[in-house]
$ cat run_25.txt   # compact mmCIF, C-alpha atoms
# COMPACT_ATOMS: atom_id res chain seq x y z
CA ALA A 1 141.42 136.00 93.56
CA TYR A 2 137.89 135.10 92.44
CA VAL A 3 138.75 131.39 92.49
CA MET A 4 140.37 131.71 95.92
CA GLY A 5 137.25 133.46 97.20
CA SER A 6 135.42 130.15 97.52
CA LEU A 7 138.39 128.48 99.26
CA ASP A 8 140.12 131.06 101.46
CA ARG A 9 138.51 134.47 101.74
CA SER A 10 141.42 136.06 103.58
CA ALA A 11 143.76 134.99 100.77
CA ALA A 12 141.29 136.29 98.19
CA ILE A 13 141.13 139.67 99.91
CA HIS A 14 144.93 139.84 99.97
CA LEU A 15 145.10 139.12 96.22
CA LEU A 16 142.35 141.62 95.44
CA ASP A 17 144.17 144.29 97.49
CA GLN A 18 147.25 143.66 95.33
CA SER A 19 145.13 143.80 92.19
CA LEU A 20 143.60 147.10 93.29
CA ALA A 21 147.03 148.62 93.87
CA LEU A 22 148.26 147.47 90.43
CA CYS A 23 145.16 148.85 88.71
CA ARG A 24 145.81 152.24 90.27
CA VAL A 25 149.43 152.18 89.12
CA CYS A 26 148.34 151.20 85.60
CA GLU A 27 145.48 153.72 85.69
CA ASP A 28 143.02 151.02 84.59
CA GLU A 29 139.78 152.40 85.99
CA TRP A 30 137.49 149.57 84.91
CA TRP A 31 139.58 146.89 86.61
CA GLU A 32 139.99 149.17 89.62
CA GLY A 33 136.20 149.30 89.88
CA ARG A 34 135.98 145.53 89.49
CA ALA A 35 138.67 145.02 92.16
CA HIS A 36 136.64 147.15 94.59
CA LEU A 37 133.58 145.10 93.63
CA GLY A 38 135.45 141.85 94.35
CA LEU A 39 136.61 143.16 97.71
CA GLY A 40 133.03 144.15 98.49
CA ILE A 41 131.84 140.63 97.74
CA GLN A 42 134.51 138.90 99.82
CA ASN A 43 134.10 141.19 102.81
CA TYR A 44 130.33 140.80 102.64
CA GLU A 45 130.55 137.02 102.67
CA MET A 46 132.87 137.18 105.69
CA GLY A 47 130.40 139.40 107.54
CA ASP A 48 132.56 142.54 107.48
CA TYR A 49 129.78 144.82 106.30
CA GLU A 50 131.58 148.10 106.94
CA ALA A 51 134.47 147.12 104.67
CA ALA A 52 132.04 145.69 102.11
CA ARG A 53 130.08 148.95 101.94
CA HIS A 54 133.29 150.99 101.59
CA HIS A 55 134.50 148.99 98.58
CA LEU A 56 131.08 148.73 96.93
CA GLU A 57 130.53 152.48 97.16
CA ALA A 58 134.02 153.06 95.73
CA SER A 59 133.28 150.69 92.84
CA LEU A 60 129.96 152.41 92.20
CA VAL A 61 131.63 155.81 91.76
CA ILE A 62 134.06 154.42 89.19
CA LEU A 63 131.61 152.21 87.30
CA ARG A 64 129.02 154.98 87.03
CA ARG A 65 131.66 157.29 85.62
CA LEU A 66 132.50 154.60 83.03
CA GLU A 67 128.78 154.06 82.32
CA ASP A 68 129.06 150.29 82.82
CA GLN A 69 125.38 149.82 83.66
CA ALA A 70 125.54 146.06 84.21
CA SER A 71 128.34 146.42 86.77
CA VAL A 72 126.57 149.38 88.38
CA ALA A 73 123.52 147.18 88.89
CA GLU A 74 125.72 144.47 90.38
CA ALA A 75 127.26 146.91 92.86
CA LEU A 76 123.84 148.30 93.80
CA GLN A 77 122.47 144.81 94.42
CA LEU A 78 125.40 143.98 96.68
CA LEU A 79 124.84 147.24 98.56
CA SER A 80 121.20 146.18 98.99
CA PHE A 81 122.45 142.91 100.53
CA VAL A 82 124.64 144.88 102.95
CA ALA A 83 121.65 147.04 103.92
CA TRP A 84 119.52 143.93 104.46
CA SER A 85 122.20 142.27 106.59
CA THR A 86 122.59 145.34 108.78
CA GLY A 87 118.84 145.80 109.29
CA GLU A 88 118.56 148.91 107.08
CA CYS A 89 115.73 147.31 105.18
CA ASP A 90 113.95 150.42 103.88
CA GLU A 91 117.24 151.24 102.16
CA CYS A 92 117.48 147.64 101.00
CA VAL A 93 114.04 147.81 99.35
CA HIS A 94 114.95 151.15 97.73
CA LEU A 95 118.19 149.75 96.27
CA ALA A 96 116.70 146.39 95.26
CA THR A 97 113.80 148.12 93.50
CA ALA A 98 116.25 150.30 91.57
CA VAL A 99 118.29 147.23 90.58
CA LEU A 100 115.18 145.45 89.30
CA ALA A 101 114.17 148.47 87.20
CA GLN A 102 117.69 148.81 85.81
CA ARG A 103 117.93 145.14 84.92
CA ARG A 104 114.50 145.15 83.29
CA ALA A 105 115.79 147.99 81.08
CA LEU A 106 118.92 145.98 80.21
CA GLY A 107 116.74 142.97 79.34
CA ASP A 108 118.91 140.10 80.60
CA ARG A 109 116.47 137.48 81.95
CA ARG A 110 119.05 135.93 84.28
CA GLU A 111 119.90 139.30 85.79
CA ILE A 112 116.19 140.11 86.16
CA ALA A 113 115.73 136.81 88.02
CA ASP A 114 118.63 137.72 90.34
CA ALA A 115 117.03 141.11 91.01
CA LEU A 116 113.64 139.53 91.79
CA TRP A 117 115.36 137.18 94.24
CA GLY A 118 117.14 140.13 95.88
CA LEU A 119 113.92 142.11 96.33
CA THR A 120 112.20 139.20 98.10
CA LEU A 121 114.81 139.16 100.87
CA PRO A 122 113.68 142.20 102.90
CA TYR A 123 110.02 141.37 102.34
CA ILE A 124 110.41 137.80 103.62
CA PHE A 125 113.14 138.08 106.24
CA TYR A 126 112.49 141.52 107.74
CA PHE A 127 109.04 142.97 107.02
CA GLY A 128 107.09 139.70 106.73
CA SER A 129 105.19 141.31 103.84
CA PHE A 130 104.17 138.02 102.25
CA GLU A 131 101.53 139.65 100.03
CA LYS A 132 104.37 141.49 98.25
CA VAL A 133 106.45 138.33 97.93
CA TRP A 134 104.06 136.08 95.99
CA PRO A 135 103.94 138.19 92.77
CA LEU A 136 107.73 138.41 92.74
CA LEU A 137 108.05 134.64 93.19
CA GLU A 138 105.48 133.98 90.46
CA GLU A 139 107.51 136.09 88.03
CA LEU A 140 110.71 134.37 89.15
CA GLN A 141 109.10 130.98 88.54
CA GLY A 142 108.08 132.04 85.03
CA LEU A 143 111.59 133.26 84.20
CA SER A 144 113.26 130.18 85.69
CA ARG A 145 111.73 127.89 83.07
CA ASP A 146 114.22 129.27 80.54
CA LEU A 147 117.17 129.56 82.94
CA PRO A 148 119.60 127.13 84.63
CA ASP A 149 118.02 124.89 87.25
CA ILE A 150 119.44 126.87 90.17
CA TYR A 151 116.81 129.57 89.64
CA GLY A 152 113.93 127.13 89.95
CA ALA A 153 115.53 125.63 93.06
CA ALA A 154 116.00 129.10 94.55
CA GLY A 155 112.31 129.81 93.94
CA HIS A 156 111.32 126.68 95.86
CA GLY A 157 113.59 127.76 98.72
CA LEU A 158 112.14 131.26 98.91
CA ARG A 159 108.57 129.96 98.84
CA ALA A 160 109.48 127.57 101.65
CA TRP A 161 110.83 130.41 103.83
CA ALA A 162 107.73 132.54 103.25
CA LYS A 163 105.37 129.62 103.94
CA MET A 164 107.28 128.65 107.09
CA TYR A 165 107.11 132.14 108.54
CA ALA A 166 103.42 132.28 107.65
CA GLY A 167 102.83 129.03 109.54
CA ASP A 168 102.17 126.74 106.56
CA TYR A 169 104.70 124.21 107.82
CA LEU A 170 103.77 121.16 105.76
CA GLU A 171 103.72 123.12 102.50
CA ALA A 172 106.99 124.78 103.50
CA GLN A 173 108.52 121.38 104.23
CA THR A 174 107.55 120.10 100.77
CA GLU A 175 109.03 123.14 99.03
CA ALA A 176 112.22 123.01 101.12
CA ARG A 177 112.75 119.31 100.39
CA ILE A 178 112.48 120.01 96.66
CA ALA A 179 115.04 122.82 97.03
CA VAL A 180 117.45 120.62 99.01
CA ASP A 181 117.22 117.82 96.45
CA GLN A 182 117.72 120.15 93.51
CA PHE A 183 120.64 122.02 95.08
CA ARG A 184 122.28 118.71 95.99
CA THR A 185 122.32 117.63 92.34
CA LEU A 186 123.75 120.99 91.32
CA GLN A 187 126.67 121.07 93.76
CA ASP A 188 129.32 119.97 91.28
CA TRP A 189 128.35 122.47 88.60
CA PRO A 190 130.47 125.57 87.87
CA GLY A 191 129.85 128.12 90.60
CA ALA A 192 129.58 125.31 93.14
CA TRP A 193 130.14 127.63 96.14
CA THR A 194 126.85 129.43 95.49
CA ARG A 195 125.00 126.16 95.09
CA ARG A 196 126.53 124.68 98.23
CA ARG A 197 125.46 127.73 100.19
CA HIS A 198 121.91 127.51 98.83
CA TRP A 199 121.87 123.82 99.79
CA ALA A 200 123.08 124.66 103.32
CA VAL A 201 120.40 127.38 103.66
CA ALA A 202 117.66 125.00 102.51
CA THR A 203 118.91 122.33 104.91
CA ALA A 204 118.84 124.80 107.81
CA LEU A 205 115.34 125.81 106.74
CA LEU A 206 114.18 122.18 106.94
CA GLY A 207 115.63 122.10 110.45
CA LEU A 208 113.67 125.20 111.49
CA ILE A 209 110.48 123.74 110.02
CA ALA A 210 111.10 120.50 111.93
CA LEU A 211 111.48 122.60 115.10
CA ALA A 212 108.03 124.14 114.56
CA LEU A 213 106.57 120.66 113.94
CA GLU A 214 108.24 119.46 117.17
CA GLN A 215 110.28 116.90 115.21
CA TYR A 216 113.25 117.61 117.42
CA ALA A 217 115.63 114.77 116.51
CA GLU A 218 115.29 115.63 112.82
CA ALA A 219 115.72 119.33 113.58
CA VAL A 220 118.98 118.69 115.45
CA SER A 221 120.38 116.55 112.63
CA LEU A 222 119.47 119.05 109.90
CA LEU A 223 120.75 122.09 111.78
CA GLU A 224 124.02 120.40 112.71
CA THR A 225 124.50 119.46 109.05
CA SER A 226 123.86 123.03 107.93
CA ILE A 227 126.22 124.44 110.58
CA ALA A 228 129.04 122.20 109.36
CA ALA A 229 128.39 123.33 105.78
CA TYR A 230 128.30 127.01 106.76
CA ARG A 231 131.62 126.68 108.58
CA ALA A 232 133.19 125.14 105.48
CA LEU A 233 131.78 127.99 103.39
CA GLN A 234 133.21 130.60 105.81
CA ARG A 235 129.82 132.22 106.49
CA PRO A 236 129.90 133.19 110.20
CA GLN A 237 126.59 135.06 110.05
CA ASP A 238 124.81 131.95 108.75
CA VAL A 239 126.51 129.81 111.38
CA ALA A 240 125.13 132.17 114.03
CA VAL A 241 121.51 131.90 112.82
CA ALA A 242 121.67 128.10 112.61
CA LEU A 243 123.30 127.83 116.05
CA ALA A 244 120.56 129.99 117.53
CA GLY A 245 117.94 127.75 115.94
CA LEU A 246 119.70 124.67 117.30
CA SER A 247 119.73 126.22 120.78
CA VAL A 248 115.93 126.57 120.64
CA VAL A 249 115.59 122.89 119.70
CA LEU A 250 117.83 121.91 122.61
CA TRP A 251 115.89 124.21 124.95
CA ALA A 252 112.67 122.45 123.91
CA GLN A 253 114.37 119.12 124.73
CA ASP A 254 115.45 120.50 128.14
CA ARG A 255 119.12 120.19 127.15
CA ILE A 256 119.85 123.58 128.67
CA ALA A 257 123.62 123.38 129.09
CA GLU A 258 124.07 122.51 125.40
CA ALA A 259 121.62 125.22 124.41
CA GLY A 260 123.68 127.75 126.37
CA GLU A 261 126.90 126.70 124.65
CA HIS A 262 125.40 127.16 121.18
CA LEU A 263 123.78 130.45 122.16
CA THR A 264 127.10 131.78 123.40
CA GLU A 265 128.76 131.10 120.05
CA ALA A 266 125.74 132.42 118.14
CA LEU A 267 125.81 135.71 120.04
CA GLN A 268 129.60 135.92 119.73
CA LEU A 269 129.32 135.66 115.93
CA GLY A 270 126.39 138.07 115.87
CA VAL A 271 128.32 140.62 117.89
CA GLU A 272 131.39 140.26 115.66
CA THR A 273 129.55 140.54 112.34
CA LYS A 274 126.73 142.85 113.52
CA ASP A 275 124.46 140.81 111.25
CA HIS A 276 120.84 141.74 111.96
CA LEU A 277 119.35 138.26 111.53
CA ALA A 278 122.11 136.73 113.66
CA LEU A 279 121.44 139.22 116.45
CA VAL A 280 117.66 138.71 116.26
CA HIS A 281 117.79 134.92 116.33
CA GLY A 282 120.43 134.94 119.05
CA LEU A 283 118.40 137.25 121.29
CA VAL A 284 115.18 135.28 120.76
CA GLY A 285 117.04 132.12 121.77
CA THR A 286 118.49 133.93 124.77
CA ALA A 287 114.99 134.95 125.90
CA LEU A 288 114.01 131.28 126.09
CA PHE A 289 117.22 130.49 127.98
CA LEU A 290 116.29 133.18 130.52
CA LEU A 291 112.85 131.61 131.00
CA HIS A 292 114.55 128.42 132.14
CA GLN A 293 116.44 130.51 134.71
CA ASN A 294 113.12 132.00 135.87
CA ASP A 295 114.23 135.44 134.72
CA ASN A 296 110.89 136.11 133.05
CA GLU A 297 111.13 139.87 133.26
CA HIS A 298 114.43 139.96 131.41
CA ALA A 299 113.09 137.57 128.75
CA ILE A 300 110.12 139.88 128.13
CA GLU A 301 112.53 142.80 127.81
CA LEU A 302 114.60 140.99 125.16
CA ILE A 303 111.58 140.06 123.06
CA ALA A 304 110.34 143.67 123.24
CA ALA A 305 113.76 144.88 122.04
CA VAL A 306 113.56 142.62 119.00
CA PHE A 307 109.86 143.25 118.40
CA VAL A 308 110.21 146.98 117.89
CA ARG A 309 113.12 146.63 115.42
CA PHE A 310 112.09 143.51 113.51
CA PRO A 311 108.57 143.59 111.97
CA LEU A 312 108.74 139.91 110.99
CA LEU A 313 108.43 138.97 114.67
CA GLU A 314 104.84 140.23 114.68
CA ALA A 315 103.98 138.94 111.19
CA SER A 316 105.46 135.47 111.66
CA ARG A 317 103.53 132.49 113.01
CA TRP A 318 106.82 130.57 113.22
CA PHE A 319 108.40 132.93 115.78
CA TRP A 320 105.18 132.78 117.80
CA ASP A 321 105.07 128.99 117.82
CA VAL A 322 108.71 128.34 118.70
CA ALA A 323 109.40 131.22 121.10
CA ILE A 324 107.07 134.14 121.71
CA ARG A 325 104.13 132.14 123.05
CA HIS A 326 106.38 130.79 125.81
CA VAL A 327 107.39 134.31 126.79
CA GLU A 328 103.74 135.41 126.73
CA VAL A 329 102.84 132.57 129.10
CA ALA A 330 105.65 133.64 131.43
CA ALA A 331 104.40 137.24 131.30
CA GLU A 332 101.05 136.11 132.71
CA SER A 333 102.81 135.23 135.98
CA LEU A 334 103.93 138.84 136.52
CA PRO A 335 101.98 141.95 137.49
CA THR A 336 100.82 144.00 134.50
CA VAL A 337 102.87 147.01 135.58
CA VAL A 338 106.05 144.91 135.71
CA VAL A 339 105.42 143.52 132.22
CA ALA A 340 104.73 147.00 130.85
CA ALA A 341 107.94 148.36 132.38
CA ALA A 342 109.99 145.46 130.94
CA LYS A 343 108.55 146.08 127.48
CA THR A 344 109.30 149.80 127.71
CA ARG A 345 112.90 149.11 128.68
CA GLY A 346 113.20 146.62 125.84
CA GLN A 347 111.89 149.08 123.27
CA MET A 348 114.67 151.49 124.24
CA ARG A 349 117.43 148.92 123.81
CA ASP A 350 120.00 148.74 121.00
CA LEU A 351 120.16 145.19 119.61
CA HIS A 352 123.93 145.02 119.27
CA ALA A 353 124.59 146.47 122.73
CA THR A 354 122.02 144.07 124.16
CA ALA A 355 123.72 141.13 122.45
CA VAL A 356 127.07 142.21 123.94
CA GLU A 357 125.48 142.37 127.39
CA MET A 358 123.79 138.98 127.06
CA LEU A 359 126.94 137.37 125.71
CA ALA A 360 128.81 138.45 128.83
CA GLU A 361 126.04 137.04 131.03
CA LEU A 362 126.02 133.73 129.17
CA LYS A 363 129.78 133.41 129.60
CA VAL A 364 129.44 134.00 133.35
CA THR A 365 126.67 131.39 133.50
CA ALA A 366 128.84 128.88 131.64
CA ARG A 367 131.77 129.42 134.03
CA SER A 368 129.60 128.96 137.09
CA ALA A 369 127.87 125.82 135.75
$ encode --input "run_25.txt" --output "C-alpha cells"
Amino acid sequence: AYVMGSLDRSAAIHLLDQSLALCRVCEDEWWEGRAHLGLGIQNYEMGDYEAARHHLEASLVILRRLEDQASVAEALQLLSFVAWSTGECDECVHLATAVLAQRRALGDRREIADALWGLTLPYIFYFGSFEKVWPLLEELQGLSRDLPDIYGAAGHGLRAWAKMYAGDYLEAQTEARIAVDQFRTLQDWPGAWTRRRHWAVATALLGLIALALEQYAEAVSLLETSIAAYRALQRPQDVAVALAGLSVVLWAQDRIAEAGEHLTEALQLGVETKDHLALVHGLVGTALFLLHQNDNEHAIELIAAVFVRFPLLEASRWFWDVAIRHVEVAAESLPTVVVAAAKTRGQMRDLHATAVEMLAELKVTARSA
C-alpha cells in the first residue's frame, strides 16, 4: 500500500482499508494505528482533508494509548498539515509547535528538521510572519549539514518562498534555482515521490517569481512544467495553485480566454478539495479576470473577502505587485461609498461559497464566449 501510494492513491487507499480491517480482526492495535496513519497520508495528498483528519485522529487515539511517541508526533504533524491546508492556521501553529517540542525531546535530528519545516508553513504561507521564519530556517540550515541533501534543498526552497513574498525577487530566484537543481539530482533516490514533489513546488515558485519580474514567457513555461508534474503526482490542490498563477500570467499578456479556462479548472479543484491556498489563489486570479470585464466592484469585493481571511495578502509584496495594485487602481474609478460597500460585502463572504459562485459565473462566461 505504501509503495502504491506514489503510483495510484486510490489503489493505495483500497489496500490500506483492507489492511485496517485485517488488523482489527487480528486485534493488532499498533498496525491498526499505522493503517489509519497511512490512510490519513493518502487522503491528505489527494486533497480529501475530512477523511484525512478522521483517520489521523483515529490513529492518534491508538498510538497514544500504546505510548508510541514517534508515531504520535508523526500523526500530530500530519494533522497540522491538514489544519494548514484548510486555513485553520492558529491550530496548525499549535500542533506544529507541539510536534517540534516532542521531537526535540526524542532527539532525532532528522525528525527535528521535519518539525522545523512544518512550523514554517503557516508562518510563510498564511500569516506572512517572516520575522518568525528566519530563526527556524537558520536552525534547519544548521541541522541539514549532517542530514541527507534533501533537507538543505528544502531550506533553499523555503527561503525562496519567504523572500518572494517579501518582495526580494532576485534573491528568491537565486534560492529557488538552487532548490530546483538540487531536487532534480535527488529525484532517483529512495523516496523519489517526495523529491519530485519538492522539485515541482520549486519549479512553480520560479514561475511565480518570473511573473513578479514580468518575465512572462519564462513564467508560462515554468508553471506549465510544474502543472504537468503535479498532475503526475496526483496533487489536485497544487495543480489548482499553479493554474491560478498561470492565469495571472496570461491575464498580464492579455490572453484572457486562456486565463479564464485555467481559472475555471483552478476554482473547480479548489472547490472540490476545499484547500485554502487553492481557493485564495483562484479568487485573486478571478478578481483580475473581473477587471478585464470592467466589473471593478465585484473584483474589489473578492479581494476584500480574501484579505480578511488571509493575513499574507497584507504582508506580501508579491500579491501587491501581481494583483492587488491593479484592483486598487480600479477602485480609484469608483465613488468612495461604492468601494466601501464592496469591501464590507467581501468581508462577510465565505471563501468556499464565493469560489462556488465564481466558478458558476466563469462557466457561463466560457459558454457565451
$ residues_around --input "run_25.txt" --residues "region 307-313 of chain A" --least-positions-apart "5" --cutoff "10 Å" --atoms "all atoms listed in the file" --output "list in words"
Gly87, Cys89, Pro122, Tyr123, Ile124, Phe125, Tyr126, Phe127, Gly128, Ser129, Tyr165, Ala166, His276, Leu277, Val280, Val284, Glu301, Leu302, Trp318, Phe319, Trp320, Ile324, Lys343, Gly346, Gln347, Met348, Arg349, Asp350 and Leu351 of chain A
$ residues_around --input "run_25.txt" --residues "Thr203 (chain A)" --least-positions-apart "2" --cutoff "12 Å" --atoms "only C-alpha atoms" --output "JSON, numbers by chain"
{"A": [157, 160, 161, 173, 175, 176, 177, 178, 179, 180, 181, 182, 183, 184, 196, 197, 198, 199, 200, 201, 205, 206, 207, 208, 209, 210, 218, 219, 220, 221, 222, 223, 224, 225, 226, 227, 228, 229, 230, 238, 242]}
$ residues_around --input "run_25.txt" --residues "Ala278 (chain A)" --least-positions-apart "6" --cutoff "10 Å" --atoms "all atoms listed in the file" --output "PyMOL selection string"
chain A and resi 85-86+236-244+266-271+355
$ atom_distance --input "run_25.txt" --atom1 "CA of Val25 (chain A)" --atom2 "CA of Asn43 (chain A)"
23.3 Å
$ closest_residue --input "run_25.txt" --among "A:His292, A:Arg64, A:Arg34, A:Arg159" --to "Arg255 (chain A)" --atoms "all atoms listed in the file"
A:His292
$ residues_near_point --input "run_25.txt" --point "(134.2, 148.1, 101.3)" --cutoff "12 Å" --atoms "only C-alpha atoms" --output "VMD selection string"
chain A and resid 13 16 to 17 33 35 to 60 75 78 to 79 82
$ write_last_selection --input "run_25.txt" --atoms "C-alpha atoms" --output "mmCIF file, in the frame of the given file"
data_model
loop_
_atom_site.group_PDB
_atom_site.id
_atom_site.type_symbol
_atom_site.label_atom_id
_atom_site.label_comp_id
_atom_site.auth_asym_id
_atom_site.auth_seq_id
_atom_site.Cartn_x
_atom_site.Cartn_y
_atom_site.Cartn_z
ATOM 1 C CA ILE A 13 141.130 139.670 99.910
ATOM 2 C CA LEU A 16 142.350 141.620 95.440
ATOM 3 C CA ASP A 17 144.170 144.290 97.490
ATOM 4 C CA GLY A 33 136.200 149.300 89.880
ATOM 5 C CA ALA A 35 138.670 145.020 92.160
ATOM 6 C CA HIS A 36 136.640 147.150 94.590
ATOM 7 C CA LEU A 37 133.580 145.100 93.630
ATOM 8 C CA GLY A 38 135.450 141.850 94.350
ATOM 9 C CA LEU A 39 136.610 143.160 97.710
ATOM 10 C CA GLY A 40 133.030 144.150 98.490
ATOM 11 C CA ILE A 41 131.840 140.630 97.740
ATOM 12 C CA GLN A 42 134.510 138.900 99.820
ATOM 13 C CA ASN A 43 134.100 141.190 102.810
ATOM 14 C CA TYR A 44 130.330 140.800 102.640
ATOM 15 C CA GLU A 45 130.550 137.020 102.670
ATOM 16 C CA MET A 46 132.870 137.180 105.690
ATOM 17 C CA GLY A 47 130.400 139.400 107.540
ATOM 18 C CA ASP A 48 132.560 142.540 107.480
ATOM 19 C CA TYR A 49 129.780 144.820 106.300
ATOM 20 C CA GLU A 50 131.580 148.100 106.940
ATOM 21 C CA ALA A 51 134.470 147.120 104.670
ATOM 22 C CA ALA A 52 132.040 145.690 102.110
ATOM 23 C CA ARG A 53 130.080 148.950 101.940
ATOM 24 C CA HIS A 54 133.290 150.990 101.590
ATOM 25 C CA HIS A 55 134.500 148.990 98.580
ATOM 26 C CA LEU A 56 131.080 148.730 96.930
ATOM 27 C CA GLU A 57 130.530 152.480 97.160
ATOM 28 C CA ALA A 58 134.020 153.060 95.730
ATOM 29 C CA SER A 59 133.280 150.690 92.840
ATOM 30 C CA LEU A 60 129.960 152.410 92.200
ATOM 31 C CA ALA A 75 127.260 146.910 92.860
ATOM 32 C CA LEU A 78 125.400 143.980 96.680
ATOM 33 C CA LEU A 79 124.840 147.240 98.560
ATOM 34 C CA VAL A 82 124.640 144.880 102.950
#
$ atom_distance --input "run_25.txt" --atom1 "CA of Gly142 (chain A)" --atom2 "CA of Ala113 (chain A)"
9.5 Å
$ closest_residue --input "run_25.txt" --among "A:Ala287, A:Val338, A:Leu66, A:Leu136" --to "Glu29 (chain A)" --atoms "all atoms listed in the file"
A:Leu66
$ residues_around --input "run_25.txt" --residues "Trp134 (chain A)" --least-positions-apart "3" --cutoff "9 Å" --atoms "all atoms listed in the file" --output "PDB file with C-alpha atoms, keeping the file's coordinate frame"
ATOM      1  CA  THR A 120     112.200 139.200  98.100  1.00  0.00           C
ATOM      2  CA  PHE A 130     104.170 138.020 102.250  1.00  0.00           C
ATOM      3  CA  GLU A 131     101.530 139.650 100.030  1.00  0.00           C
ATOM      4  CA  LEU A 137     108.050 134.640  93.190  1.00  0.00           C
ATOM      5  CA  GLU A 138     105.480 133.980  90.460  1.00  0.00           C
ATOM      6  CA  GLU A 139     107.510 136.090  88.030  1.00  0.00           C
ATOM      7  CA  ARG A 159     108.570 129.960  98.840  1.00  0.00           C
ATOM      8  CA  ALA A 162     107.730 132.540 103.250  1.00  0.00           C
TER       9      ALA A 162
END
$ atom_distance --input "run_25.txt" --atom1 "CA of Ala12 (chain A)" --atom2 "CA of Leu63 (chain A)"
21.6 Å
$ residues_around --input "run_25.txt" --residues "Ser247 (chain A)" --least-positions-apart "3" --cutoff "8 Å" --atoms "only C-alpha atoms" --output "VMD selection string"
chain A and resid 243 to 244 250 to 251 258 to 260 262 to 263 285
$ write_last_selection --input "run_25.txt" --atoms "C-alpha atoms" --output "PDB file, keeping the file's coordinate frame"
ATOM      1  CA  LEU A 243     123.300 127.830 116.050  1.00  0.00           C
ATOM      2  CA  ALA A 244     120.560 129.990 117.530  1.00  0.00           C
ATOM      3  CA  LEU A 250     117.830 121.910 122.610  1.00  0.00           C
ATOM      4  CA  TRP A 251     115.890 124.210 124.950  1.00  0.00           C
ATOM      5  CA  GLU A 258     124.070 122.510 125.400  1.00  0.00           C
ATOM      6  CA  ALA A 259     121.620 125.220 124.410  1.00  0.00           C
ATOM      7  CA  GLY A 260     123.680 127.750 126.370  1.00  0.00           C
ATOM      8  CA  HIS A 262     125.400 127.160 121.180  1.00  0.00           C
ATOM      9  CA  LEU A 263     123.780 130.450 122.160  1.00  0.00           C
ATOM     10  CA  GLY A 285     117.040 132.120 121.770  1.00  0.00           C
TER      11      GLY A 285
END
$ closest_residue --input "run_25.txt" --among "A:Val356, A:Leu100, A:Leu213, A:Leu95" --to "Thr273 (chain A)" --atoms "all atoms listed in the file"
A:Val356
$ residues_near_point --input "run_25.txt" --point "(114.0, 150.1, 96.8)" --cutoff "12 Å" --atoms "only C-alpha atoms" --output "count of residues only"
30
$ build_atoms --input "run_25.txt" --residues "region 93-97 of chain A" --atoms "all heavy atoms" --output "tab-separated table (two decimals), in the coordinates of the input"
chain	number	residue	atom	x	y	z
A	93	VAL	N	115.15	147.83	100.32
A	93	VAL	CA	114.04	147.81	99.35
A	93	VAL	C	114.26	148.87	98.27
A	93	VAL	O	114.06	148.62	97.07
A	93	VAL	CB	112.69	148.03	100.06
A	93	VAL	CG1	111.58	148.27	99.04
A	93	VAL	CG2	112.36	146.82	100.92
A	94	HIS	N	114.70	150.07	98.69
A	94	HIS	CA	114.95	151.15	97.73
A	94	HIS	C	116.00	150.72	96.70
A	94	HIS	O	115.80	150.88	95.48
A	94	HIS	CB	115.42	152.40	98.48
A	94	HIS	CG	115.91	153.50	97.59
A	94	HIS	ND1	115.06	154.28	96.82
A	94	HIS	CD2	117.17	153.95	97.33
A	94	HIS	CE1	115.78	155.15	96.14
A	94	HIS	NE2	117.05	154.97	96.43
A	95	LEU	N	117.11	150.16	97.17
A	95	LEU	CA	118.19	149.75	96.27
A	95	LEU	C	117.76	148.57	95.40
A	95	LEU	O	118.01	148.56	94.19
A	95	LEU	CB	119.43	149.38	97.08
A	95	LEU	CG	120.16	150.53	97.77
A	95	LEU	CD1	121.19	150.00	98.75
A	95	LEU	CD2	120.83	151.43	96.74
A	96	ALA	N	117.11	147.58	96.01
A	96	ALA	CA	116.70	146.39	95.26
A	96	ALA	C	115.67	146.73	94.19
A	96	ALA	O	115.68	146.15	93.09
A	96	ALA	CB	116.15	145.33	96.21
A	97	THR	N	114.79	147.68	94.49
A	97	THR	CA	113.80	148.12	93.50
A	97	THR	C	114.48	148.81	92.33
A	97	THR	O	114.12	148.60	91.16
A	97	THR	CB	112.77	149.06	94.16
A	97	THR	OG1	112.12	148.37	95.23
A	97	THR	CG2	111.72	149.51	93.15
